[in-house]
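Asker: Below you'll find the structure I mean.
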Amino acid sequence: MELAHDRRGSGPPLILLHGIGHHRHGWLPVLDLLAERHDVIAVDLPGFGDSPPLPYGTPYNVETLGRAVRDFWIGLGLSRPHVAGNSLGGYIALDLASSGDVRTAVALSPAGFWSRAEHAYSRAVLRLLRLAARADGLPALAAGTGGGKALALGLFVARPERLPREAVLAAATALRECVGFEETLDSLAWAAPPAPPQVPVTIAWGDRDRLLPRRQAVRAARWAGQRTLLLRGCGHVPMSDDPELVAQVILGGSILEGGEDPR
């Protein structure tokens, strides 16, 4: 299926996947940095952002969303691209690494490594924010005073003041209008960590993540069998908090400033 996307740069293809209720424009702060070395394609998942919904009767879950993204890049003539994802997109990236459909995968605060209580918390928060967005309370709050922006966005970013008003309103619109939200969120209640990866993976976690707290990085490290990086001064959606650091992690630089072992 055709998916809404932004594409720029040249080099090995790199697919970027957003989190639940978000959209591809969340990657804008790092897009040009990544495009210096990659053919970068930031994608709206089916039923999110500007992409059409999945075909009627197709359930929304990690497998169907990942399959749609894979079919999309095949339609572009690509084979086994690199992939990076945030939150739900991070889970999908790791799942694609488990099936060997990608060359490498980078996951930023991926879903799926929560305890039962942590999952219940994040699910309740996301539902409340969705209700607020659909009532137009979230855009008004976030676009108002500095305190309002911090309250509305502090669960997702460590530095809400860095987000321009236009980006805040666009994100609130994406959260309000995404048709795949409810079913995808429900499907995550049964999500366990993916099977072991068949390709190299990198997992990084914002040390100020308030939606999926950083202690989940310890479980992710055990799953990956390697160090999980902590992104200092970053929240759940770290691309706007520290674009240079996020780009460095994705590009796989030999020196990852700001990374440390959470264990």
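Chain identifiers are assigned as A, B, and so on, following the order in which chains appear in the structure tokens; residues are numbered from 1 within each chain, and ligands are numbered from 1 in order of appearance.
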Sorted by chain and rising residue number, which residues of stretch 156-201 of chain A lie within 12 Å of stretch 77-97 of chain A, and what are their closest atom pairs and distances in Å to one decimal, counting only C-alpha atoms, as a tab-separated table?

Answerer:
residue	atom	partner	partner_atom	distance
A:Phe156	CA	A:Ser87	CA	10.5
A:Phe181	CA	A:Leu88	CA	11.1
A:Thr184	CA	A:Leu88	CA	9.3
A:Leu185	CA	A:Leu88	CA	9.4
A:Ser187	CA	A:Leu88	CA	11.2
A:Leu188	CA	A:Leu88	CA	8.9
A:Ala191	CA	A:Tyr91	CA	9.4
A:Ala192	CA	A:Tyr91	CA	9.9
A:Pro193	CA	A:Tyr91	CA	8.1
A:Pro194	CA	A:Asp95	CA	5.5
A:Ala195	CA	A:Asp95	CA	7.3
A:Pro196	CA	A:Ala97	CA	8.3
A:Pro197	CA	A:Ala97	CA	5.1
A:Gln198	CA	A:Ala97	CA	5.9
A:Val199	CA	A:Ala97	CA	5.7
A:Pro200	CA	A:Ala97	CA	7.7
A:Val201	CA	A:Ala97	CA	7.3

Asker: Check the DSSP output for the backbone and give back, as a PyMOL selection string, the residues of stretch 151-260 of chain A in strand (DSSP E or B).

Answerer: chain A and resi 201-206+229-231

Asker: Include N, CA, C and O atoms and write out the residues we just selected as a PDB file, in the first residue's frame.

Answerer:
ATOM      1  N   VAL A 201      21.333  -4.835  16.188  1.00  0.00           N
ATOM      2  CA  VAL A 201      20.353  -3.886  16.709  1.00  0.00           C
ATOM      3  C   VAL A 201      21.032  -2.958  17.705  1.00  0.00           C
ATOM      4  O   VAL A 201      22.014  -3.323  18.356  1.00  0.00           O
ATOM      5  N   THR A 202      20.490  -1.752  17.813  1.00  0.00           N
ATOM      6  CA  THR A 202      20.897  -0.773  18.823  1.00  0.00           C
ATOM      7  C   THR A 202      19.637  -0.292  19.522  1.00  0.00           C
ATOM      8  O   THR A 202      18.662   0.059  18.852  1.00  0.00           O
ATOM      9  N   ILE A 203      19.652  -0.295  20.847  1.00  0.00           N
ATOM     10  CA  ILE A 203      18.519   0.202  21.627  1.00  0.00           C
ATOM     11  C   ILE A 203      19.007   1.364  22.487  1.00  0.00           C
ATOM     12  O   ILE A 203      20.045   1.260  23.148  1.00  0.00           O
ATOM     13  N   ALA A 204      18.284   2.466  22.459  1.00  0.00           N
ATOM     14  CA  ALA A 204      18.630   3.641  23.254  1.00  0.00           C
ATOM     15  C   ALA A 204      17.385   4.153  23.958  1.00  0.00           C
ATOM     16  O   ALA A 204      16.270   4.040  23.429  1.00  0.00           O
ATOM     17  N   TRP A 205      17.578   4.717  25.144  1.00  0.00           N
ATOM     18  CA  TRP A 205      16.448   5.138  25.985  1.00  0.00           C
ATOM     19  C   TRP A 205      16.725   6.517  26.562  1.00  0.00           C
ATOM     20  O   TRP A 205      17.818   6.776  27.083  1.00  0.00           O
ATOM     21  N   GLY A 206      15.744   7.402  26.471  1.00  0.00           N
ATOM     22  CA  GLY A 206      15.879   8.698  27.123  1.00  0.00           C
ATOM     23  C   GLY A 206      15.902   8.552  28.627  1.00  0.00           C
ATOM     24  O   GLY A 206      15.043   7.878  29.205  1.00  0.00           O
ATOM     25  N   LEU A 229      21.862   1.972  25.429  1.00  0.00           N
ATOM     26  CA  LEU A 229      22.345   3.323  25.667  1.00  0.00           C
ATOM     27  C   LEU A 229      21.287   4.175  26.344  1.00  0.00           C
ATOM     28  O   LEU A 229      20.096   4.070  26.035  1.00  0.00           O
ATOM     29  N   LEU A 230      21.735   5.019  27.260  1.00  0.00           N
ATOM     30  CA  LEU A 230      20.869   6.050  27.821  1.00  0.00           C
ATOM     31  C   LEU A 230      21.189   7.376  27.161  1.00  0.00           C
ATOM     32  O   LEU A 230      22.356   7.751  27.027  1.00  0.00           O
ATOM     33  N   LEU A 231      20.156   8.073  26.732  1.00  0.00           N
ATOM     34  CA  LEU A 231      20.305   9.374  26.093  1.00  0.00           C
ATOM     35  C   LEU A 231      20.084  10.451  27.144  1.00  0.00           C
ATOM     36  O   LEU A 231      18.960  10.675  27.596  1.00  0.00           O
TER      37      LEU A 231
END

Asker: Could you jot down the atom CA of A:Asp39 to atom CA of A:Trp73 separation for me, Å, one decimal place?

Answerer: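 Atom CA of A:Trp73 lies at a distance of 12.1 Å from atom CA of A:Asp39.
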
Asker: Need to verify the contact set: A:Pro12, 7 Å, only C-alpha atoms, exclusion of same-chain residues closer than 2 positions in sequence. Can you return it as a list of chain:residue names?

Answerer: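 Returned residues: A:Ser10, A:Leu14, A:His38, A:Asp39.
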
Asker: Please, could you write that set of residues out with N, CA, C and O atoms as a short mmCIF file (atom, residue, chain, number, x, y, z; two decimals), in the first residue's frame?

Answerer:
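And here's selection26.cif as it stands now:
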data_model
loop_
_atom_site.label_atom_id
_atom_site.label_comp_id
_atom_site.auth_asym_id
_atom_site.auth_seq_id
_atom_site.Cartn_x
_atom_site.Cartn_y
_atom_site.Cartn_z
N SER A 10 20.83 10.69 0.10
CA SER A 10 21.27 9.60 -0.76
C SER A 10 22.17 8.67 0.04
O SER A 10 22.71 9.06 1.07
N LEU A 14 17.25 4.15 4.62
CA LEU A 14 16.95 4.14 6.05
C LEU A 14 15.48 4.52 6.24
O LEU A 14 15.07 5.61 5.86
N HIS A 38 22.42 8.86 4.29
CA HIS A 38 21.42 7.86 3.94
C HIS A 38 20.36 8.45 3.00
O HIS A 38 20.12 9.66 2.99
N ASP A 39 19.74 7.55 2.25
CA ASP A 39 18.47 7.83 1.59
C ASP A 39 17.40 7.61 2.65
O ASP A 39 17.02 6.48 2.94
#

Asker: When distances are computed from only C-alpha atoms, which of A:Leu175, A:Leu163, A:Leu34, A:Leu129 shows the smallest separation from A:His18?

Answerer: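 Checking each of A:Leu175, A:Leu163, A:Leu34, A:Leu129 against A:His18, counting only C-alpha atoms, the winner is A:Leu175.
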
Asker: Near A:Ala124, counting only C-alpha atoms, which residues have an atom at most 12 Å away, once you skip same-chain residues fewer than 6 positions from it, shown as a list in words?

Answerer: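 Close residues of A:Ala124: Ala117, Glu118, Arg130, Leu131, Glu182, Leu185, Asp186, Ala189 and Leu211 of chain A.
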
Asker: Taking the chain letters and numbering used in this document, name the residues of stretch 37-191 of chain A that DSSP puts in helix (DSSP H, G or I), as a ChimeraX atom specification.

Answerer: /A:62-75,88-99,116-134,137-142,146-153,160-162,165-177,181-190

Asker: Considering only C-alpha atoms, state which residue in the set A:Ile15, A:Arg219, A:Val40, A:Arg70 is at the smallest distance from A:Val106.

Answerer: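 When distances to A:Val106 are compared using only C-alpha atoms, the smallest one comes from A:Ile15.
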
Asker: Would you pick out the contacts of A:Val157 at 8 Å or less, using only C-alpha atoms, so that residues sharing its chain but fewer than 6 positions from it are not included, and give the list as a VMD selection string?

Answerer: chain A and resid 209 234 to 238 240 to 241

Asker: May I have the selected residues written with N, CA, C and O atoms, as an mmCIF file, in the first residue's frame?

Answerer:
data_model
loop_
_atom_site.group_PDB
_atom_site.id
_atom_site.type_symbol
_atom_site.label_atom_id
_atom_site.label_comp_id
_atom_site.auth_asym_id
_atom_site.auth_seq_id
_atom_site.Cartn_x
_atom_site.Cartn_y
_atom_site.Cartn_z
ATOM 1 N N ASP A 209 12.640 9.738 30.220
ATOM 2 C CA ASP A 209 11.413 9.197 29.632
ATOM 3 C C ASP A 209 10.382 8.997 30.734
ATOM 4 O O ASP A 209 10.591 8.219 31.657
ATOM 5 N N CYS A 234 17.120 13.460 27.568
ATOM 6 C CA CYS A 234 16.110 13.196 26.538
ATOM 7 C C CYS A 234 14.895 12.507 27.136
ATOM 8 O O CYS A 234 14.997 11.737 28.099
ATOM 9 N N GLY A 235 13.738 12.763 26.543
ATOM 10 C CA GLY A 235 12.502 12.137 26.965
ATOM 11 C C GLY A 235 12.119 10.973 26.070
ATOM 12 O O GLY A 235 12.960 10.396 25.383
ATOM 13 N N HIS A 236 10.829 10.661 26.064
ATOM 14 C CA HIS A 236 10.349 9.493 25.327
ATOM 15 C C HIS A 236 10.502 9.661 23.814
ATOM 16 O O HIS A 236 10.748 8.689 23.097
ATOM 17 N N VAL A 237 10.311 10.876 23.330
ATOM 18 C CA VAL A 237 10.500 11.183 21.906
ATOM 19 C C VAL A 237 11.729 12.085 21.813
ATOM 20 O O VAL A 237 11.620 13.309 21.881
ATOM 21 N N PRO A 238 12.919 11.501 21.696
ATOM 22 C CA PRO A 238 14.150 12.266 21.918
ATOM 23 C C PRO A 238 14.610 13.099 20.735
ATOM 24 O O PRO A 238 15.577 13.861 20.875
ATOM 25 N N SER A 240 13.619 15.771 19.232
ATOM 26 C CA SER A 240 13.669 17.224 19.401
ATOM 27 C C SER A 240 14.518 17.636 20.595
ATOM 28 O O SER A 240 14.994 18.768 20.651
ATOM 29 N N ASP A 241 14.710 16.729 21.562
ATOM 30 C CA ASP A 241 15.518 17.057 22.738
ATOM 31 C C ASP A 241 16.997 17.182 22.400
ATOM 32 O O ASP A 241 17.678 18.093 22.874
#

Asker: Between A:Tyr121, A:Phe72, A:Tyr56, A:Phe113, which is the closest to A:Met1 once you count only C-alpha atoms?

Answerer: A:Phe72

Asker: Work out how far atom CA of A:Gly11 is from atom CA of A:Val62, in Å to one decimal.

Answerer: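 Atom CA of A:Val62 sits 27.7 Å away from atom CA of A:Gly11.
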
Asker: Do a neighbour search on A:Gly47 at 7 Å with only C-alpha atoms, toss out local chain neighbours closer than 2 positions, and write the hits as number ranges by chain.

Answerer: A: 45, 49, 51-54, 178-180

Asker: If you keep N, CA and C atoms, can you produce a file of those selected residues as an mmCIF file, in the first residue's frame?

Answerer:
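Below is the file that was written, part-v2.cif:
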data_model
loop_
_atom_site.group_PDB
_atom_site.id
_atom_site.type_symbol
_atom_site.label_atom_id
_atom_site.label_comp_id
_atom_site.auth_asym_id
_atom_site.auth_seq_id
_atom_site.Cartn_x
_atom_site.Cartn_y
_atom_site.Cartn_z
ATOM 1 N N LEU A 45 2.748 5.417 9.518
ATOM 2 C CA LEU A 45 2.187 4.075 9.568
ATOM 3 C C LEU A 45 0.739 4.086 9.072
ATOM 4 N N GLY A 49 -1.153 9.654 10.893
ATOM 5 C CA GLY A 49 -0.684 10.756 10.063
ATOM 6 C C GLY A 49 -1.516 10.894 8.809
ATOM 7 N N SER A 51 -1.304 8.741 6.203
ATOM 8 C CA SER A 51 -1.430 7.471 5.491
ATOM 9 C C SER A 51 -2.852 6.929 5.569
ATOM 10 N N PRO A 52 -3.275 6.199 4.549
ATOM 11 C CA PRO A 52 -4.610 5.591 4.580
ATOM 12 C C PRO A 52 -4.658 4.472 5.608
ATOM 13 N N PRO A 53 -5.848 4.074 6.014
ATOM 14 C CA PRO A 53 -5.970 2.961 6.956
ATOM 15 C C PRO A 53 -5.631 1.636 6.295
ATOM 16 N N LEU A 54 -5.450 0.626 7.118
ATOM 17 C CA LEU A 54 -5.295 -0.725 6.606
ATOM 18 C C LEU A 54 -6.570 -1.156 5.885
ATOM 19 N N CYS A 178 -5.926 9.955 14.180
ATOM 20 C CA CYS A 178 -5.425 8.653 13.727
ATOM 21 C C CYS A 178 -6.471 7.556 13.951
ATOM 22 N N VAL A 179 -6.864 6.894 12.874
ATOM 23 C CA VAL A 179 -7.923 5.895 12.954
ATOM 24 C C VAL A 179 -7.413 4.560 13.499
ATOM 25 N N GLY A 180 -6.104 4.363 13.486
ATOM 26 C CA GLY A 180 -5.569 3.097 13.969
ATOM 27 C C GLY A 180 -5.225 3.077 15.433
#

Asker: In terms of the shortest atom-to-atom distance over only C-alpha atoms, which of A:Gly75, A:Gly66, A:Gly19, A:Pro110 is closest to A:Leu212?

Answerer: A:Pro110

Asker: Which residue, A:Leu76, A:Leu17, A:Arg103, A:Glu183, has the smallest gap to A:Thr58 when you use only C-alpha atoms?

Answerer: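 Among the listed residues, A:Glu183 lies closest to A:Thr58.
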